[in-house]
$ cat protein.csv   # CSV, C-alpha atoms
chain,number,residue,atom,x,y,z
D,19,MET,CA,-1.8,5.7,41.3
D,20,ASP,CA,0.9,3.0,41.5
D,21,TRP,CA,-0.8,0.9,38.9
D,22,ALA,CA,-0.2,3.6,36.2
D,23,LEU,CA,3.0,5.3,37.3
D,24,PRO,CA,6.0,4.3,39.5
D,25,PRO,CA,5.9,5.7,43.1
D,26,ASN,CA,7.0,9.3,43.2
D,27,TYR,CA,9.9,10.2,45.5
D,28,SER,CA,10.7,13.6,44.1
D,29,THR,CA,9.4,17.0,45.2
D,30,PHE,CA,8.6,18.2,41.7
D,31,GLY,CA,7.2,14.8,40.8
D,32,VAL,CA,3.8,15.8,42.0
D,33,GLN,CA,3.6,18.5,39.4
D,34,ILE,CA,4.9,16.2,36.7
D,35,ASP,CA,2.3,13.6,37.6
D,36,GLN,CA,-0.5,16.2,37.6
D,37,LEU,CA,0.5,17.3,34.1
D,38,PHE,CA,0.6,13.6,33.0
D,39,TRP,CA,-2.9,13.0,34.2
D,40,ILE,CA,-4.3,16.2,32.6
D,41,ILE,CA,-2.8,15.2,29.2
D,42,PHE,CA,-4.0,11.6,29.7
D,43,VAL,CA,-7.6,12.7,30.4
D,44,ILE,CA,-7.7,15.1,27.5
D,45,THR,CA,-6.3,12.6,25.0
D,46,GLY,CA,-8.6,9.9,26.5
D,47,ILE,CA,-11.7,12.1,25.9
D,48,ALA,CA,-10.5,12.9,22.4
D,49,PHE,CA,-9.9,9.2,21.7
D,50,VAL,CA,-13.4,8.2,22.8
D,51,LEU,CA,-15.1,11.0,20.8
D,52,VAL,CA,-13.2,10.2,17.6
D,53,GLU,CA,-13.8,6.4,17.9
D,54,ALA,CA,-17.5,7.0,18.8
D,55,GLY,CA,-17.8,9.2,15.7
D,56,LEU,CA,-16.0,6.7,13.6
D,57,ILE,CA,-18.4,3.9,14.7
D,58,LEU,CA,-21.4,6.1,14.2
D,59,PHE,CA,-20.4,7.0,10.6
D,60,ILE,CA,-19.6,3.3,9.8
D,61,VAL,CA,-23.1,2.3,10.9
D,62,LYS,CA,-25.0,5.3,9.7
D,63,TYR,CA,-23.4,5.5,6.2
D,64,ARG,CA,-22.9,1.8,5.6
D,65,SER,CA,-23.8,0.4,2.2
D,66,ARG,CA,-27.5,-0.6,2.0
D,67,THR,CA,-29.7,-1.7,-0.9
D,68,GLY,CA,-31.7,1.2,-2.2
D,69,HIS,CA,-29.6,3.9,-0.6
D,70,LYS,CA,-27.6,6.1,-2.9
D,71,ALA,CA,-24.4,8.0,-1.8
D,72,TYR,CA,-24.5,11.8,-2.1
D,73,TYR,CA,-21.9,14.5,-1.9
D,74,THR,CA,-22.0,17.1,0.9
D,75,HIS,CA,-19.6,20.0,1.4
D,76,GLY,CA,-19.6,19.5,5.2
D,77,SER,CA,-19.8,22.2,7.9
D,78,ASN,CA,-17.4,25.2,8.1
D,79,LYS,CA,-18.6,25.8,11.6
D,80,LEU,CA,-17.6,22.3,12.8
D,81,GLU,CA,-14.3,22.5,11.0
D,82,ILE,CA,-13.5,25.8,12.8
D,83,ILE,CA,-14.5,24.2,16.1
D,84,TRP,CA,-12.4,21.1,15.8
D,85,THR,CA,-9.4,23.2,14.6
D,86,VAL,CA,-9.7,26.0,17.2
D,87,VAL,CA,-10.4,23.8,20.3
D,88,PRO,CA,-7.3,21.5,19.9
D,89,ALA,CA,-5.2,24.6,19.2
D,90,LEU,CA,-6.4,26.2,22.4
D,91,VAL,CA,-5.7,23.0,24.3
D,92,PHE,CA,-2.1,22.9,23.1
D,93,VAL,CA,-1.6,26.5,24.0
D,94,VAL,CA,-2.9,26.1,27.5
D,95,LEU,CA,-0.9,22.9,28.1
D,96,GLY,CA,2.2,24.7,26.7
D,97,VAL,CA,1.8,27.7,29.0
D,98,TYR,CA,1.0,25.4,32.0
D,99,SER,CA,4.0,23.3,31.5
D,100,ALA,CA,6.5,26.0,30.6
D,101,GLY,CA,7.1,27.0,34.2
D,102,LEU,CA,7.7,23.5,35.3
D,103,TRP,CA,10.0,22.8,32.4
D,104,ALA,CA,12.0,25.9,33.3
D,105,ASP,CA,12.3,24.9,37.0
D,106,ILE,CA,13.6,21.5,36.1
D,107,LYS,CA,15.6,22.1,32.9
D,108,ASN,CA,16.8,25.7,32.8
D,109,PRO,CA,20.4,25.8,34.1
D,110,SER,CA,19.8,29.3,35.6
D,111,ASN,CA,17.2,27.8,37.9
D,112,MET,CA,19.5,25.1,39.3
D,113,PRO,CA,19.3,25.1,43.1
D,114,GLU,CA,22.2,26.6,45.0
D,115,GLY,CA,24.1,24.5,47.4
D,116,ALA,CA,23.3,21.2,45.6
D,117,ILE,CA,25.7,18.3,45.7
D,118,GLU,CA,27.2,17.8,42.3
D,119,PHE,CA,28.1,14.6,40.4
D,120,GLU,CA,29.3,13.8,36.9
D,121,VAL,CA,27.8,10.9,35.0
D,122,ARG,CA,29.5,9.6,31.9
D,123,ALA,CA,27.5,7.3,29.7
D,124,LYS,CA,28.9,4.9,27.2
D,125,GLN,CA,28.0,1.6,25.7
D,126,PHE,CA,26.8,0.0,27.9
D,127,GLU,CA,27.5,1.5,31.4
D,128,TRP,CA,27.2,4.5,33.6
D,129,ASN,CA,30.4,5.9,35.1
D,130,ILE,CA,29.7,8.2,38.1
D,131,VAL,CA,32.2,10.7,39.3
D,132,TYR,CA,31.9,11.7,43.0
D,133,PRO,CA,33.1,15.0,44.4
D,134,GLY,CA,34.7,13.3,47.4
D,135,PRO,CA,34.5,14.5,51.0
D,136,ASP,CA,35.0,18.1,50.1
D,137,GLU,CA,32.0,17.9,47.8
D,138,ILE,CA,33.7,19.9,45.0
D,139,LEU,CA,34.0,18.4,41.6
D,140,GLY,CA,37.4,18.6,39.9
D,141,THR,CA,39.5,18.4,43.0
D,142,GLY,CA,42.0,15.8,44.2
D,143,ASP,CA,39.6,13.7,46.2
D,144,ASP,CA,37.2,13.0,43.3
D,145,PHE,CA,36.7,9.3,42.6
D,146,GLU,CA,34.8,7.2,40.1
D,147,VAL,CA,32.4,4.3,40.6
D,148,LEU,CA,30.9,2.2,37.8
D,149,ASN,CA,27.2,1.6,37.7
D,150,GLN,CA,26.6,2.7,41.3
D,151,PHE,CA,25.0,6.0,42.1
D,152,HIS,CA,24.8,7.1,45.8
D,153,PHE,CA,23.5,10.4,47.1
D,154,PRO,CA,21.7,11.8,50.2
D,155,ALA,CA,18.0,12.2,50.6
D,156,GLY,CA,16.3,15.5,51.2
D,157,GLU,CA,19.0,17.5,49.3
D,158,PRO,CA,19.0,18.8,45.7
D,159,VAL,CA,21.4,16.9,43.4
D,160,ILE,CA,22.9,18.2,40.2
D,161,VAL,CA,24.2,15.7,37.6
D,162,TYR,CA,26.4,16.8,34.7
D,163,LEU,CA,25.7,14.3,31.9
D,164,GLU,CA,28.2,13.4,29.2
D,165,ALA,CA,28.2,10.7,26.6
D,166,GLU,CA,31.4,9.1,25.1
D,167,ASP,CA,29.9,7.5,22.0
D,168,VAL,CA,26.2,7.7,21.2
D,169,ILE,CA,23.1,9.4,22.7
D,170,HIS,CA,22.0,7.8,25.9
D,171,SER,CA,19.2,8.8,28.2
D,172,PHE,CA,19.6,9.1,32.0
D,173,PHE,CA,16.2,7.9,33.5
D,174,ILE,CA,15.2,7.3,37.1
D,175,PRO,CA,11.4,6.9,37.0
D,176,GLU,CA,10.8,7.2,40.8
D,177,LEU,CA,12.6,10.5,40.9
D,178,ARG,CA,10.8,11.8,37.7
D,179,VAL,CA,14.1,12.6,36.1
D,180,LYS,CA,14.9,11.9,32.4
D,181,GLN,CA,17.6,13.7,30.3
D,182,ASP,CA,19.5,12.7,27.2
D,183,ALA,CA,23.3,12.5,27.4
D,184,VAL,CA,24.6,13.8,24.1
D,185,PRO,CA,28.2,13.3,22.8
D,186,GLY,CA,30.2,16.5,22.8
D,187,MET,CA,27.8,18.2,25.3
D,188,ARG,CA,27.9,18.6,29.1
D,189,ILE,CA,24.2,18.8,30.2
D,190,PRO,CA,23.2,19.6,33.7
D,191,VAL,CA,20.0,18.2,35.3
D,192,TRP,CA,18.8,18.4,38.8
D,193,PHE,CA,16.5,16.4,41.0
D,194,ASP,CA,16.0,15.4,44.7
D,195,ALA,CA,14.8,12.5,46.6
D,196,THR,CA,12.3,12.8,49.4
D,197,GLN,CA,13.2,9.6,51.1
D,198,THR,CA,15.9,6.9,51.1
D,199,GLY,CA,15.6,3.8,48.9
D,200,GLU,CA,17.0,1.6,46.2
D,201,PHE,CA,16.2,2.5,42.6
D,202,GLU,CA,17.7,2.1,39.2
D,203,ILE,CA,19.2,4.2,36.4
D,204,ALA,CA,17.8,3.0,33.1
D,205,CYS,CA,18.9,4.1,29.6
D,206,ALA,CA,15.8,5.3,27.9
D,207,GLU,CA,17.4,5.7,24.5
D,208,LEU,CA,18.1,2.8,22.1
D,209,CYS,CA,21.9,3.0,22.1
D,210,GLY,CA,23.0,-0.3,20.6
D,211,LEU,CA,22.8,-4.1,20.9
D,212,GLY,CA,23.6,-4.0,24.6
D,213,HIS,CA,21.0,-1.3,25.4
D,214,TYR,CA,18.9,-3.8,27.4
D,215,ARG,CA,21.7,-4.2,30.0
D,216,MET,CA,22.7,-0.6,30.4
D,217,GLU,CA,21.6,0.0,34.0
D,218,ALA,CA,23.0,1.2,37.3
D,219,ALA,CA,22.0,0.8,40.9
D,220,VAL,CA,20.8,3.9,42.7
D,221,THR,CA,21.0,4.1,46.5
D,222,VAL,CA,19.6,7.1,48.4
D,223,HIS,CA,21.1,7.4,51.9
D,224,GLU,CA,20.5,9.4,55.0
D,225,ARG,CA,23.1,12.2,55.0
D,226,ALA,CA,25.3,10.6,57.7
D,227,ASP,CA,25.3,7.3,55.9
D,228,PHE,CA,26.2,8.9,52.6
D,229,ASP,CA,29.1,10.8,54.1
D,230,ALA,CA,30.4,7.6,55.7
D,231,TRP,CA,30.0,5.7,52.4
D,232,GLN,CA,31.7,8.4,50.3
D,233,ALA,CA,34.6,8.8,52.8
D,234,SER,CA,35.2,5.0,52.7
D,235,ARG,CA,35.2,4.9,48.9
D,236,ALA,CA,37.5,7.9,48.6
D,237,LEU,CA,40.0,6.2,50.9
D,238,ALA,CA,39.8,3.0,48.9
D,239,GLN,CA,40.8,4.7,45.6
$ encode --input "protein.csv" --output "structure tokens"
Amino acid sequence: MDWALPPNYSTFGVQIDQLFWIIFVITGIAFVLVEAGLILFIVKYRSRTGHKAYYTHGSNKLEIIWTVVPALVFVVLGVYSAGLWADIKNPSNMPEGAIEFEVRAKQFEWNIVYPGPDEILGTGDDFEVLNQFHFPAGEPVIVYLEAEDVIHSFFIPELRVKQDAVPGMRIPVWFDATQTGEFEIACAELCGLGHYRMEAAVTVHERADFDAWQASRALAQ
């Protein structure tokens, strides 16, 4: 549903979207029931001439129901989402053979460190590009996030990836892209007066095009 969510170009985005809609439907039903009950009580127990208010203890049965049911819903959602969370966030579940990048966030820019043609971070052919993130489609990508000043949030909606970058920490996050395209990194954490302009261009290439782009940028350093 493009009217509600950005298009999905990530393999695990399908599961994330399913979870979103499940939560949306549950909270939507709860909202309608609560508001309908509120309107009913406003009308039924409105002030009227000749009617006297009276005290009632309520219903223990109803109180148990509206306590137990939400608790069960939260437990079921927690169990359902735990596996997906572990697949995306747990470092031990990071895919093997993924191409790795380092992203350093600071007010108000994204500095991307590329592994170079050897695709190994920390070697002599690494290079840095400001506010431009290029990578190949159809392959897992691991990004190591760092922040130089305050908390930032690395967010690419179409790839269903969002992870805070915290000063003093090096946080891995992985994702993939199912097709080529032009996207954007947005900072999803209020990080200062220039927060609104903290963005970077994302370009997802075919593998051969990415290799050619990376080789040309490495030579230009």
$ closest_residue --input "protein.csv" --among "D:Lys70, D:His152, D:Lys124, D:Arg178" --to "Ile106 (chain D)" --atoms "only C-alpha atoms"
D:Arg178
$ atom_distance --input "protein.csv" --atom1 "CA of Asp105 (chain D)" --atom2 "CA of Val93 (chain D)"
19.1 Å
$ atom_distance --input "protein.csv" --atom1 "CA of Met216 (chain D)" --atom2 "CA of Gln181 (chain D)"
15.2 Å
$ residues_around --input "protein.csv" --residues "Ala116 (chain D)" --least-positions-apart "6" --cutoff "7 Å" --atoms "only C-alpha atoms" --output "PyMOL selection string"
chain D and resi 157-160
$ residues_around --input "protein.csv" --residues "Phe153 (chain D)" --least-positions-apart "6" --cutoff "8 Å" --atoms "all atoms listed in the file" --output "list in words"
Val159, Thr221, Val222, His223 and Phe228 of chain D
$ atom_distance --input "protein.csv" --atom1 "CA of Leu102 (chain D)" --atom2 "CA of Phe151 (chain D)"
25.5 Å
$ residues_around --input "protein.csv" --residues "Phe38 (chain D)" --least-positions-apart "2" --cutoff "12 Å" --atoms "only C-alpha atoms" --output "list in words"
Met19, Ala22, Leu23, Gly31, Val32, Gln33, Ile34, Asp35, Gln36, Ile40, Ile41, Phe42, Val43, Ile44, Thr45, Gly46, Leu95, Tyr98, Ser99 and Arg178 of chain D
$ closest_residue --input "protein.csv" --among "D:Pro185, D:Pro154, D:Gly115, D:Gly76" --to "Thr198 (chain D)" --atoms "all atoms listed in the file"
D:Pro154
$ closest_residue --input "protein.csv" --among "D:Pro109, D:Pro24, D:Gly55, D:Pro135" --to "Val191 (chain D)" --atoms "only C-alpha atoms"
D:Pro109
$ closest_residue --input "protein.csv" --among "D:Phe92, D:Phe30, D:Trp84, D:Trp128" --to "Ala183 (chain D)" --atoms "all atoms listed in the file"
D:Trp128
$ residues_around --input "protein.csv" --residues "Val147 (chain D)" --least-positions-apart "5" --cutoff "8 Å" --atoms "all atoms listed in the file" --output "count of residues only"
4
$ residues_around --input "protein.csv" --residues "Gln197 (chain D)" --least-positions-apart "4" --cutoff "7 Å" --atoms "only C-alpha atoms" --output "PyMOL selection string"
chain D and resi 27+155-156
$ closest_residue --input "protein.csv" --among "D:Lys62, D:Arg225, D:Lys107, D:His213" --to "Lys180 (chain D)" --atoms "all atoms listed in the file"
D:Lys107
$ closest_residue --input "protein.csv" --among "D:Val184, D:Ala71, D:Val168, D:Leu237" --to "Asp143 (chain D)" --atoms "only C-alpha atoms"
D:Leu237
